[in-house]
$ cat query-v3.cif   # mmCIF, C-alpha atoms and all ligand atoms
data_work
loop_
_atom_site.label_atom_id
_atom_site.label_comp_id
_atom_site.auth_asym_id
_atom_site.auth_seq_id
_atom_site.Cartn_x
_atom_site.Cartn_y
_atom_site.Cartn_z
CA MET A 1109 -21.52 -3.15 -47.58
CA THR A 1110 -18.30 -3.06 -45.64
CA SER A 1111 -19.53 -0.09 -43.70
CA ALA A 1112 -22.86 -1.80 -42.85
CA HIS A 1113 -20.98 -4.86 -41.64
CA GLN A 1114 -18.72 -2.72 -39.45
CA ASP A 1115 -21.73 -0.95 -37.90
CA THR A 1116 -23.31 -4.27 -37.03
CA ALA A 1117 -20.11 -5.61 -35.50
CA SER A 1118 -19.56 -2.53 -33.41
CA THR A 1119 -23.15 -2.60 -32.16
CA ARG A 1120 -22.74 -6.23 -31.18
CA SER A 1121 -19.53 -5.68 -29.29
CA GLY A 1122 -21.03 -2.69 -27.35
CA PRO A 1123 -19.06 -0.40 -25.07
CA PRO A 1124 -15.98 -1.79 -23.34
CA ALA A 1125 -16.87 -3.77 -20.22
CA GLU A 1126 -16.63 -1.80 -16.98
CA ARG A 1127 -13.68 -2.84 -14.88
CA PRO A 1128 -14.93 -4.17 -11.52
CA ASN A 1129 -14.02 -2.11 -8.46
CA LEU A 1130 -11.91 -3.99 -5.89
CA LEU A 1131 -13.67 -2.05 -3.11
CA GLY A 1132 -17.02 -3.63 -3.93
CA MET A 1133 -15.89 -7.26 -3.68
CA THR A 1134 -16.40 -9.46 -0.66
CA PRO A 1135 -13.22 -11.26 0.46
CA ALA A 1136 -14.40 -14.42 -1.32
CA GLU A 1137 -15.22 -12.53 -4.53
CA LEU A 1138 -11.91 -10.73 -4.39
CA GLY A 1139 -10.06 -14.01 -3.90
CA ASP A 1140 -11.84 -15.53 -6.90
CA ALA A 1141 -11.54 -12.57 -9.26
CA VAL A 1142 -8.03 -11.44 -8.42
CA GLY A 1143 -6.83 -15.01 -7.85
CA GLY A 1144 -8.10 -15.96 -11.31
CA HIS A 1145 -6.47 -12.89 -12.82
CA PHE A 1146 -3.04 -13.79 -11.40
CA ARG A 1147 -3.46 -17.48 -12.18
CA ASP A 1148 -4.07 -16.61 -15.83
CA ARG A 1149 -0.84 -14.62 -15.76
CA GLY A 1150 1.15 -17.47 -14.24
CA GLN A 1151 1.59 -15.64 -10.93
CA PRO A 1152 1.68 -17.34 -7.51
CA ALA A 1153 -1.51 -17.71 -5.45
CA TYR A 1154 -0.27 -15.36 -2.71
CA ARG A 1155 -0.59 -12.37 -5.06
CA ALA A 1156 -4.36 -12.28 -4.41
CA ARG A 1157 -3.72 -12.18 -0.65
CA GLN A 1158 -1.28 -9.32 -1.15
CA VAL A 1159 -3.96 -7.35 -3.00
CA ALA A 1160 -6.56 -8.14 -0.31
CA ARG A 1161 -4.22 -6.73 2.33
CA TRP A 1162 -3.77 -3.52 0.33
CA VAL A 1163 -7.52 -3.17 -0.08
CA HIS A 1164 -8.61 -3.99 3.49
CA ALA A 1165 -5.62 -3.25 5.70
CA SER A 1166 -3.89 -0.24 4.18
CA ALA A 1167 -4.66 3.36 3.36
CA ALA A 1168 -3.37 3.04 -0.22
CA ARG A 1169 -5.28 5.11 -2.73
CA SER A 1170 -4.22 3.40 -5.96
CA ILE A 1171 -3.04 0.12 -7.42
CA GLY A 1172 0.23 1.91 -8.15
CA GLU A 1173 0.87 2.03 -4.37
CA MET A 1174 0.74 -1.79 -4.04
CA THR A 1175 4.51 -1.85 -3.88
CA ASP A 1176 4.99 -5.53 -3.06
CA LEU A 1177 3.58 -6.39 -6.51
CA PRO A 1178 5.99 -6.27 -9.44
CA LEU A 1179 5.45 -3.19 -11.59
CA ALA A 1180 4.21 -5.27 -14.53
CA GLU A 1181 1.60 -6.91 -12.25
CA ARG A 1182 0.40 -3.55 -10.96
CA ASP A 1183 -0.06 -2.41 -14.56
CA ALA A 1184 -1.93 -5.60 -15.46
CA LEU A 1185 -4.14 -5.32 -12.38
CA GLU A 1186 -4.93 -1.72 -13.28
CA ARG A 1187 -6.04 -2.78 -16.75
CA SER A 1188 -8.51 -5.30 -15.29
CA PHE A 1189 -9.78 -3.65 -12.08
CA ARG A 1190 -10.62 -0.26 -10.62
CA PHE A 1191 -9.70 0.80 -7.09
CA ASP A 1192 -11.77 3.97 -6.74
CA GLU A 1193 -13.16 5.55 -3.60
CA PRO A 1194 -15.86 8.24 -3.70
CA VAL A 1195 -14.26 11.65 -4.25
CA LEU A 1196 -14.32 14.06 -1.33
CA ASP A 1197 -16.37 17.15 -2.19
CA THR A 1198 -16.92 18.99 1.11
CA VAL A 1199 -16.01 18.50 4.77
CA SER A 1200 -17.88 20.29 7.51
CA VAL A 1201 -16.60 19.94 11.08
CA SER A 1202 -18.76 20.82 14.07
CA ALA A 1203 -17.58 22.50 17.25
CA ASP A 1204 -18.39 19.19 18.99
CA GLY A 1205 -15.99 17.27 16.70
CA THR A 1206 -18.66 15.72 14.47
CA ALA A 1207 -17.39 15.71 10.87
CA LYS A 1208 -19.75 15.52 7.92
CA HIS A 1209 -18.39 14.56 4.49
CA LEU A 1210 -20.01 15.02 1.13
CA TRP A 1211 -18.82 12.46 -1.42
CA MET A 1212 -19.10 12.97 -5.15
CA LEU A 1213 -20.00 9.75 -6.97
CA ARG A 1214 -19.69 8.86 -10.63
CA GLY A 1215 -22.46 10.54 -12.57
CA GLY A 1216 -22.62 13.54 -10.25
CA GLU A 1217 -24.68 12.18 -7.38
CA VAL A 1218 -23.59 13.38 -3.96
CA VAL A 1219 -24.03 11.51 -0.67
CA GLU A 1220 -23.22 12.22 2.97
CA SER A 1221 -21.40 10.36 5.70
CA VAL A 1222 -20.77 11.51 9.26
CA LEU A 1223 -17.99 10.72 11.75
CA ILE A 1224 -19.20 11.02 15.33
CA PRO A 1225 -16.48 10.90 17.99
CA ALA A 1226 -17.36 9.95 21.58
CA PRO A 1227 -15.25 8.74 24.50
CA GLY A 1228 -13.91 5.30 23.60
CA ARG A 1229 -15.58 5.10 20.22
CA LEU A 1230 -15.73 6.63 16.76
CA THR A 1231 -18.97 5.98 14.91
CA LEU A 1232 -19.34 6.36 11.17
CA CYS A 1233 -22.79 6.92 9.69
CA ILE A 1234 -22.92 6.02 5.99
CA SER A 1235 -25.36 6.31 3.10
CA SER A 1236 -26.83 3.47 1.06
CA GLN A 1237 -28.76 5.43 -1.60
CA ALA A 1238 -28.37 8.81 -3.27
CA GLY A 1239 -31.54 10.40 -1.94
CA CYS A 1240 -34.46 8.27 -0.85
CA ALA A 1241 -37.85 7.32 -2.25
CA LEU A 1242 -39.63 6.79 1.06
CA ALA A 1243 -40.58 10.39 1.77
CA CYS A 1244 -40.57 10.40 5.57
CA ARG A 1245 -41.83 13.82 6.61
CA PHE A 1246 -39.22 14.53 9.29
CA CYS A 1247 -36.24 13.75 7.02
CA ALA A 1248 -34.35 16.17 4.78
CA THR A 1249 -33.29 13.26 2.53
CA GLY A 1250 -36.92 12.22 2.26
CA TRP A 1251 -37.72 15.65 0.84
CA SER A 1252 -35.00 15.29 -1.81
CA GLY A 1253 -36.44 12.27 -3.61
CA PHE A 1254 -34.61 9.31 -5.05
CA GLY A 1255 -31.45 9.61 -7.16
CA ARG A 1256 -30.07 6.09 -7.52
CA GLN A 1257 -28.88 3.04 -5.65
CA LEU A 1258 -25.32 3.06 -4.39
CA SER A 1259 -23.06 0.16 -5.32
CA ALA A 1260 -21.31 -1.99 -2.72
CA ALA A 1261 -18.06 -0.26 -3.71
CA GLU A 1262 -19.57 3.17 -3.06
CA ILE A 1263 -20.86 2.06 0.35
CA ALA A 1264 -17.64 0.37 1.45
CA GLY A 1265 -15.70 3.24 -0.14
CA GLN A 1266 -17.32 5.73 2.24
CA TYR A 1267 -16.00 3.64 5.12
CA ARG A 1268 -12.50 3.34 3.67
CA ALA A 1269 -12.14 7.02 2.79
CA SER A 1270 -13.66 8.21 6.09
CA ALA A 1271 -11.44 5.88 8.12
CA ARG A 1272 -8.35 7.25 6.39
CA TRP A 1273 -9.53 10.85 6.91
CA ALA A 1274 -10.09 10.16 10.63
CA GLY A 1275 -6.74 8.37 10.98
CA GLU A 1276 -4.84 11.24 9.38
CA ARG A 1277 -6.35 13.62 11.95
CA GLY A 1278 -5.62 11.54 15.03
CA MET A 1279 -9.27 10.64 15.61
CA GLY A 1280 -8.44 6.94 15.94
CA ASN A 1281 -10.03 3.96 14.25
CA VAL A 1282 -13.67 3.80 13.26
CA SER A 1283 -15.17 1.47 15.87
CA ASN A 1284 -18.81 1.34 14.74
CA VAL A 1285 -20.67 1.76 11.48
CA VAL A 1286 -24.35 2.67 11.27
CA PHE A 1287 -26.40 2.67 8.07
CA MET A 1288 -28.31 5.80 9.10
CA GLY A 1289 -27.19 8.16 6.37
CA MET A 1290 -29.07 8.85 3.17
CA GLY A 1291 -31.38 6.14 1.91
CA GLU A 1292 -33.20 3.06 3.15
CA PRO A 1293 -30.53 0.32 3.31
CA LEU A 1294 -32.99 -2.57 3.15
CA ALA A 1295 -34.35 -1.19 -0.14
CA ASN A 1296 -30.86 -1.65 -1.63
CA ARG A 1297 -30.03 -5.12 -0.41
CA GLY A 1298 -28.23 -6.02 -3.64
CA ALA A 1299 -25.42 -3.66 -2.60
CA VAL A 1300 -25.89 -3.34 1.16
CA PHE A 1301 -25.66 -7.07 1.90
CA PRO A 1302 -22.27 -7.54 0.19
CA ALA A 1303 -21.14 -4.27 1.81
CA LEU A 1304 -22.02 -5.75 5.22
CA THR A 1305 -19.81 -8.75 4.43
CA ILE A 1306 -16.99 -6.48 3.27
CA LEU A 1307 -17.13 -4.34 6.44
CA ASN A 1308 -17.44 -7.35 8.73
CA SER A 1309 -15.00 -9.85 7.32
CA GLY A 1310 -12.94 -7.73 4.91
CA TYR A 1311 -12.18 -4.77 7.18
CA GLY A 1312 -12.74 -6.88 10.32
CA LEU A 1313 -15.13 -4.48 12.01
CA GLY A 1314 -17.24 -7.22 13.59
CA ALA A 1315 -20.96 -7.65 12.91
CA ARG A 1316 -22.01 -6.46 16.37
CA ARG A 1317 -20.44 -3.11 15.59
CA ILE A 1318 -22.47 -2.66 12.42
CA THR A 1319 -26.06 -1.42 12.64
CA VAL A 1320 -28.56 -1.45 9.80
CA SER A 1321 -31.29 1.10 10.26
CA THR A 1322 -34.67 0.74 8.55
CA VAL A 1323 -38.03 2.45 8.56
CA GLY A 1324 -39.55 -1.02 8.31
CA VAL A 1325 -38.88 -2.91 5.07
CA ILE A 1326 -40.14 -6.29 6.27
CA PRO A 1327 -38.65 -8.47 3.48
CA GLY A 1328 -35.29 -6.85 4.24
CA ILE A 1329 -35.61 -7.54 7.97
CA GLU A 1330 -36.46 -11.16 7.18
CA ALA A 1331 -33.44 -11.42 4.87
CA LEU A 1332 -31.19 -9.95 7.58
CA THR A 1333 -32.67 -12.43 10.06
CA ARG A 1334 -31.58 -15.28 7.78
CA ARG A 1335 -27.97 -14.11 7.79
CA PRO A 1336 -25.83 -15.89 10.36
CA GLU A 1337 -23.85 -12.82 11.47
CA GLN A 1338 -24.93 -10.79 14.51
CA PHE A 1339 -25.57 -7.49 12.75
CA ARG A 1340 -27.54 -4.97 14.80
CA LEU A 1341 -30.86 -3.63 13.63
CA ALA A 1342 -32.39 -0.24 14.37
CA LEU A 1343 -36.01 0.50 13.58
CA SER A 1344 -36.96 4.10 12.91
CA LEU A 1345 -40.17 3.82 14.88
CA HIS A 1346 -41.02 7.45 15.65
CA ALA A 1347 -44.63 6.61 16.52
CA PRO A 1348 -45.98 3.56 18.41
CA VAL A 1349 -49.47 3.63 16.85
CA PRO A 1350 -50.21 3.03 13.15
CA GLU A 1351 -52.36 6.11 12.48
CA LEU A 1352 -49.67 8.53 13.60
CA ARG A 1353 -46.87 6.47 12.11
CA ARG A 1354 -48.55 6.62 8.70
CA GLU A 1355 -48.47 10.41 8.93
CA LEU A 1356 -44.73 10.43 9.54
CA ILE A 1357 -43.61 7.39 7.52
CA PRO A 1358 -45.61 6.59 4.37
CA LEU A 1359 -44.06 3.09 4.25
CA GLU A 1360 -46.32 2.19 7.19
CA GLN A 1361 -49.07 1.85 4.57
CA ARG A 1362 -47.22 -1.02 2.93
CA TYR A 1363 -45.66 -2.66 5.97
CA PRO A 1364 -47.96 -2.09 8.96
CA LEU A 1365 -46.68 -1.88 12.50
CA ASP A 1366 -48.12 -5.16 13.76
CA GLN A 1367 -46.42 -7.15 10.97
CA LEU A 1368 -43.25 -5.17 11.52
CA ILE A 1369 -43.14 -6.07 15.20
CA THR A 1370 -43.64 -9.75 14.35
CA ALA A 1371 -40.64 -9.56 11.99
CA LEU A 1372 -38.56 -7.89 14.72
CA GLU A 1373 -39.49 -10.56 17.25
CA ALA A 1374 -38.17 -13.16 14.81
CA PHE A 1375 -35.00 -11.13 14.30
CA ASN A 1376 -34.39 -10.84 18.02
CA ARG A 1377 -34.80 -14.60 18.57
CA GLY A 1378 -35.52 -14.24 22.23
CA GLY A 1379 -32.79 -11.76 23.00
CA GLY A 1380 -30.13 -13.12 20.66
CA ARG A 1381 -29.82 -10.01 18.54
CA ARG A 1382 -30.44 -6.56 19.79
CA VAL A 1383 -33.02 -4.28 18.21
CA THR A 1384 -32.99 -0.55 18.81
CA PHE A 1385 -35.99 1.73 18.39
CA GLU A 1386 -35.16 5.21 17.14
CA TYR A 1387 -37.75 7.69 18.37
CA THR A 1388 -37.34 11.26 17.17
CA MET A 1389 -39.27 13.49 19.53
CA ILE A 1390 -41.20 16.23 17.76
CA ARG A 1391 -43.01 18.83 19.83
CA GLY A 1392 -46.77 18.37 19.72
CA VAL A 1393 -46.53 15.61 17.10
CA ASN A 1394 -45.39 12.37 18.76
CA ASP A 1395 -44.58 13.37 22.35
CA ASP A 1396 -48.03 13.06 23.92
CA PRO A 1397 -47.81 11.12 27.22
CA ALA A 1398 -50.63 8.90 25.91
CA LEU A 1399 -48.10 7.43 23.47
CA LEU A 1400 -45.87 6.17 26.24
CA PRO A 1401 -47.82 2.96 27.10
CA PRO A 1402 -47.93 1.70 23.48
CA LEU A 1403 -44.24 2.55 23.11
CA ILE A 1404 -43.43 0.56 26.26
CA ASP A 1405 -45.55 -2.33 24.98
CA LEU A 1406 -43.75 -2.52 21.61
CA ALA A 1407 -40.30 -2.16 23.17
CA THR A 1408 -41.08 -4.90 25.69
CA ARG A 1409 -42.30 -7.28 22.99
CA VAL A 1410 -39.05 -7.11 21.00
CA GLN A 1411 -36.78 -6.41 24.00
CA ALA A 1412 -35.73 -3.22 22.27
CA PHE A 1413 -33.37 -0.55 23.46
CA VAL A 1414 -35.00 2.85 22.90
CA ASN A 1415 -33.10 5.90 21.70
CA LEU A 1416 -35.00 9.13 22.26
CA ILE A 1417 -33.72 11.77 19.86
CA PRO A 1418 -34.81 15.41 20.08
CA PHE A 1419 -35.87 16.40 16.54
CA ASN A 1420 -33.20 18.13 14.46
CA PRO A 1421 -35.11 20.95 12.67
CA ILE A 1422 -35.11 20.93 8.85
CA PRO A 1423 -36.24 23.73 6.53
CA TYR A 1424 -39.19 21.86 4.98
CA VAL A 1425 -41.46 21.62 8.03
CA ASP A 1426 -41.94 24.02 10.92
CA TRP A 1427 -41.66 21.33 13.58
CA ARG A 1428 -39.57 21.89 16.71
CA PRO A 1429 -37.83 19.46 19.06
CA SER A 1430 -39.82 18.34 22.08
CA HIS A 1431 -39.28 20.27 25.28
CA ARG A 1432 -36.56 18.82 27.48
CA GLU A 1433 -39.08 18.01 30.25
CA ARG A 1434 -41.16 15.94 27.83
CA VAL A 1435 -38.11 14.01 26.65
CA GLN A 1436 -37.19 13.32 30.28
CA ALA A 1437 -40.75 12.21 31.04
CA PHE A 1438 -40.53 9.64 28.22
CA ARG A 1439 -37.11 8.54 29.43
CA SER A 1440 -38.34 8.08 33.02
CA GLY A 1441 -41.49 6.27 31.90
CA LEU A 1442 -39.52 3.77 29.83
CA ASP A 1443 -36.94 3.36 32.55
CA GLU A 1444 -39.56 2.64 35.22
CA ALA A 1445 -41.14 0.05 32.93
CA GLY A 1446 -37.77 -1.74 32.65
CA VAL A 1447 -37.12 -0.70 29.06
CA PRO A 1448 -33.47 0.23 28.43
CA VAL A 1449 -33.42 3.79 27.17
CA ALA A 1450 -31.05 6.63 26.33
CA VAL A 1451 -31.50 10.20 25.22
CA ARG A 1452 -29.27 10.78 22.24
CA GLU A 1453 -28.06 14.32 22.33
CA PRO A 1454 -28.06 15.94 18.89
CA ARG A 1455 -24.57 16.22 17.43
CA GLY A 1456 -23.25 18.67 14.88
CA ARG A 1457 -26.20 21.05 15.01
CA ASP A 1458 -23.96 23.83 13.64
CA ILE A 1459 -23.15 21.87 10.44
CA ASP A 1460 -26.53 21.00 8.91
CA ALA A 1461 -26.47 17.77 10.88
CA ALA A 1462 -29.87 16.39 9.93
CA CYS A 1463 -29.43 13.63 7.37
CA GLY A 1464 -29.46 15.05 3.84
CA GLN A 1465 -29.32 18.67 4.94
CA LEU A 1466 -25.73 19.52 4.01
CA ARG A 1467 -26.23 18.09 0.54
CA ALA A 1468 -29.44 20.10 0.17
CA THR A 1469 -27.61 23.27 1.20
CA ARG A 1470 -24.68 22.72 -1.14
CA TYR A 1471 -26.51 21.08 -4.06
CA PRO A 1472 -30.04 22.51 -4.07
CA ALA A 1473 -30.78 20.93 -7.47
CA GLN A 1474 -30.50 17.48 -5.87
CA ARG A 1475 -33.42 18.19 -3.57
CA THR A 1476 -36.02 19.38 -6.02
CA ARG A 1477 -36.37 16.58 -8.52
CA SER A 1478 -38.73 14.22 -6.77
CA LYS A 1479 -42.33 13.65 -7.74
CA ILE A 1480 -42.81 12.11 -4.32
CA ARG A 1481 -43.16 14.91 -1.81
CA PRO A 1482 -43.69 14.09 1.86
CA GLN A 1483 -46.33 16.79 2.29
CA ARG A 1484 -48.26 15.61 -0.73
CA ILE A 1485 -48.44 12.09 0.64
CA SER A 1486 -49.59 13.37 3.97
CA ARG A 1487 -52.40 15.37 2.38
CA SER A 1488 -53.52 12.54 0.13
CA GLN A 1489 -52.86 9.13 1.62
CA GLY A 1490 -54.42 7.28 -1.32
CA LYS A 1491 -52.33 9.08 -3.89
CA GLY A 1492 -49.22 8.55 -1.81
CA ARG A 1493 -49.87 4.84 -1.67
CA SER A 1494 -49.89 4.44 -5.45
CA GLU A 1495 -46.80 6.59 -5.96
CA LEU A 1496 -44.69 5.08 -3.23
CA ARG A 1497 -41.92 2.94 -4.69
CA LEU A 1498 -39.11 1.25 -2.90
CA TYR A 1499 -36.80 0.87 -5.87
CA GLU A 1500 -35.90 -2.50 -4.43
CA LYS A 1501 -33.50 -4.72 -6.31
S1 LIG A 1601 -35.79 8.54 7.24
FE1 LIG A 1601 -34.62 7.06 6.01
S2 LIG A 1601 -36.22 5.97 4.84
FE2 LIG A 1601 -37.18 7.86 5.61
S3 LIG A 1601 -36.92 9.34 3.93
FE3 LIG A 1601 -35.16 9.59 5.35
S4 LIG A 1601 -33.55 8.32 4.47
FE4 LIG A 1601 -35.49 7.65 3.57
#
$ encode --input "query-v3.cif" --output "structure tokens" --more "lines below"
Ligand code: SF4
Amino acid sequence: MTSAHQDTASTRSGPPAERPNLLGMTPAELGDAVGGHFRDRGQPAYRARQVARWVHASAARSIGEMTDLPLAERDALERSFRFDEPVLDTVSVSADGTAKHLWMLRGGEVVESVLIPAPGRLTLCISSQAGCALACRFCATGWSGFGRQLSAAEIAGQYRASARWAGERGMGNVSNVVFMGMGEPLANRGAVFPALTILNSGYGLGARRITVSTVGVIPGIEALTRRPEQFRLALSLHAPVPELRRELIPLEQRYPLDQLITALEAFNRGGGRRVTFEYTMIRGVNDDPALLPPLIDLATRVQAFVNLIPFNPIPYVDWRPSHRERVQAFRSGLDEAGVPVAVREPRGRDIDAACGQLRATRYPAQRTRSKIRPQRISRSQGKGRSELRLYEK
């Protein structure tokens, strides 16, 4: 009898509650949670501001390093909160200075981020999901399948740990953050949206220096449009006509190009917020001169800046980058039509630079678990449609 009662009680109480991670809290959430914690302990209100400074304006790695808190308060904070960054697994540095990091997350998932130095700026590309469910054919992450959503703490933690790594090596401050690593950020809005707030107002990056990249999740674009901050948006376009786009990006079946462009026009609000088109140029696939007029038309409608990106080869398809002359022909055509355009030179080619490729090289098991295979979708559009899942929150 006693034993049965104990079993029931222990089942009811469940496992101990997970301590929340300070890195995943927006400044307001941090003020509430940590402020409440100190208030309950009879501590002054400024303690929460001290903690916020340690989180957002220092390179401290642990609560134990928050030396302007009394020792007893550090211990109490530690009992109630975590302060964990992703754990560095591998660093790969290119001859051109590009540095790719693999981060080990709780549960064994591994994600990538990339630091890209350029004159006057240091851009950090971060991941929002472990793997990706959207199966774009040109993308190494797309071939790996979906692992899980990242939390806001894991997203902001990539920034914090990368910024410290860059600072320790004299690379300067991270000036720009782009959500162009593993995963579709607008399919993980539950974590990405608070992470945007944390990067913007916690770390003070500034919304115009933060770019969310999407293959076209319309509800996510609409949600970003409703936010008051001036975050940048990049659309992975890669084809200006629906038939070809469907071949490259299965999500086109769910969110067709014409509806996507309408959503982008609303986002842009007549030039208020810049949209960038990413156009990976693949030889013989999407570099036909006949595609230039529809590309110019779409870019003109949303006043987009166009980035032409020579394809970075991946092991899963035998595609090659477009010839240089073809890339230049697209650049000139856009330029002459008044569309702002740049050719983005590939960086870090010597370090498995394509998104998801370093992880696939180092952790091959994390690229073979998906039921959704890009090739399979391409061969059977109908089947692909029913299997395609966004894993949206
Ligand atoms: S391009 Fe982006 S959305 Fe498409 S499979 Fe790769 S990570 Fe996912």
$ residues_near_ligand --input "query-v3.cif" --ligand "ligand LIG 1601 (chain A)" --cutoff "6 Å" --atoms "all atoms listed in the file" --output "ChimeraX atom specification"
/A:1240,1242-1244,1247,1249-1250,1290-1292,1323
$ residues_around --input "query-v3.cif" --residues "Tyr1387 (chain A)" --least-positions-apart "3" --cutoff "9 Å" --atoms "only C-alpha atoms" --output "ChimeraX atom specification"
/A:1343-1347,1394,1414-1418
$ residues_near_point --input "query-v3.cif" --point "(-26.6, -2.0, 14.2)" --cutoff "6 Å" --atoms "only C-alpha atoms" --output "MDAnalysis selection string"
chainID A and resid 1286 1318:1320 1339:1341
$ closest_atom_pairs --input "query-v3.cif" --of "region 1120-1228 of chain A" --to "region 1303-1311 of chain A" --cutoff "6 Å" --atoms "all atoms listed in the file" --output "CSV"
residue,atom,partner,partner_atom,distance
A:Thr1134,CA,A:Ile1306,CA,5.0
A:Pro1135,CA,A:Gly1310,CA,5.7
A:His1164,CA,A:Tyr1311,CA,5.2
$ residues_around --input "query-v3.cif" --residues "region 1328-1337 of chain A" --least-positions-apart "4" --cutoff "7 Å" --atoms "all atoms listed in the file" --output "list in words"
Leu1294, Ala1315, Ala1371 and Phe1375 of chain A
$ residues_around --input "query-v3.cif" --residues "region 1253-1270 of chain A" --least-positions-apart "4" --cutoff "6 Å" --atoms "only C-alpha atoms" --output "ChimeraX atom specification"
/A:1131-1132,1193,1236-1241,1299,1303,1478
$ write_last_selection --input "query-v3.cif" --atoms "C-alpha atoms" --output "PDB file, keeping the file's coordinate frame"
ATOM      1  CA  LEU A1131     -13.670  -2.050  -3.110  1.00  0.00           C
ATOM      2  CA  GLY A1132     -17.020  -3.630  -3.930  1.00  0.00           C
ATOM      3  CA  GLU A1193     -13.160   5.550  -3.600  1.00  0.00           C
ATOM      4  CA  SER A1236     -26.830   3.470   1.060  1.00  0.00           C
ATOM      5  CA  GLN A1237     -28.760   5.430  -1.600  1.00  0.00           C
ATOM      6  CA  ALA A1238     -28.370   8.810  -3.270  1.00  0.00           C
ATOM      7  CA  GLY A1239     -31.540  10.400  -1.940  1.00  0.00           C
ATOM      8  CA  CYS A1240     -34.460   8.270  -0.850  1.00  0.00           C
ATOM      9  CA  ALA A1241     -37.850   7.320  -2.250  1.00  0.00           C
ATOM     10  CA  ALA A1299     -25.420  -3.660  -2.600  1.00  0.00           C
ATOM     11  CA  ALA A1303     -21.140  -4.270   1.810  1.00  0.00           C
ATOM     12  CA  SER A1478     -38.730  14.220  -6.770  1.00  0.00           C
TER      13      SER A1478
END
$ atom_distance --input "query-v3.cif" --atom1 "CA of Thr1198 (chain A)" --atom2 "CA of Thr1469 (chain A)"
11.5 Å
$ atom_distance --input "query-v3.cif" --atom1 "CA of Ala1295 (chain A)" --atom2 "CA of Met1212 (chain A)"
21.4 Å
$ closest_residue --input "query-v3.cif" --among "A:Pro1397, A:Gly1144, A:Gly1139, A:Pro1302" --to "Gln1158 (chain A)" --atoms "only C-alpha atoms"
A:Gly1139
$ residues_around --input "query-v3.cif" --residues "Ser1283 (chain A)" --least-positions-apart "4" --cutoff "6 Å" --atoms "only C-alpha atoms" --output "VMD selection string"
chain A and resid 1229 to 1231
$ atom_distance --input "query-v3.cif" --atom1 "CA of Pro1350 (chain A)" --atom2 "CA of Asp1366 (chain A)"
8.5 Å
$ closest_residue --input "query-v3.cif" --among "A:Val1410, A:Leu1403, A:Met1389, A:Ala1165" --to "Ser1430 (chain A)" --atoms "all atoms listed in the file"
A:Met1389
$ decode --input "query-v3.cif" --residues "region 1200-1212 of chain A" --atoms "N, CA and C atoms" --output "compact mmCIF listing (two decimals), in the first residue's frame"
# COMPACT_ATOMS: atom_id res chain seq x y z
N SER A 1200 36.79 24.82 -38.55
CA SER A 1200 37.48 24.64 -39.81
C SER A 1200 37.69 26.02 -40.42
N VAL A 1201 38.95 26.42 -40.61
CA VAL A 1201 39.23 27.78 -41.08
C VAL A 1201 39.77 27.73 -42.50
N SER A 1202 39.16 28.51 -43.37
CA SER A 1202 39.54 28.54 -44.78
C SER A 1202 40.75 29.44 -45.00
N ALA A 1203 41.42 29.22 -46.11
CA ALA A 1203 42.53 30.09 -46.50
C ALA A 1203 42.05 31.53 -46.66
N ASP A 1204 40.76 31.74 -46.97
CA ASP A 1204 40.27 33.11 -47.15
C ASP A 1204 39.76 33.73 -45.84
N GLY A 1205 39.98 33.02 -44.70
CA GLY A 1205 39.61 33.56 -43.40
C GLY A 1205 38.24 33.14 -42.92
N THR A 1206 37.42 32.56 -43.79
CA THR A 1206 36.10 32.07 -43.38
C THR A 1206 36.28 30.95 -42.34
N ALA A 1207 35.53 31.03 -41.25
CA ALA A 1207 35.67 30.03 -40.19
C ALA A 1207 34.33 29.34 -39.95
N LYS A 1208 34.32 28.04 -40.13
CA LYS A 1208 33.08 27.28 -39.91
C LYS A 1208 33.18 26.54 -38.58
N HIS A 1209 32.14 26.68 -37.77
CA HIS A 1209 32.08 25.99 -36.48
C HIS A 1209 31.00 24.93 -36.50
N LEU A 1210 31.31 23.79 -35.91
CA LEU A 1210 30.27 22.80 -35.62
C LEU A 1210 30.00 22.87 -34.13
N TRP A 1211 28.73 22.97 -33.77
CA TRP A 1211 28.33 23.07 -32.36
C TRP A 1211 27.57 21.81 -31.97
N MET A 1212 27.96 21.23 -30.87
CA MET A 1212 27.26 20.06 -30.33
C MET A 1212 26.17 20.55 -29.39
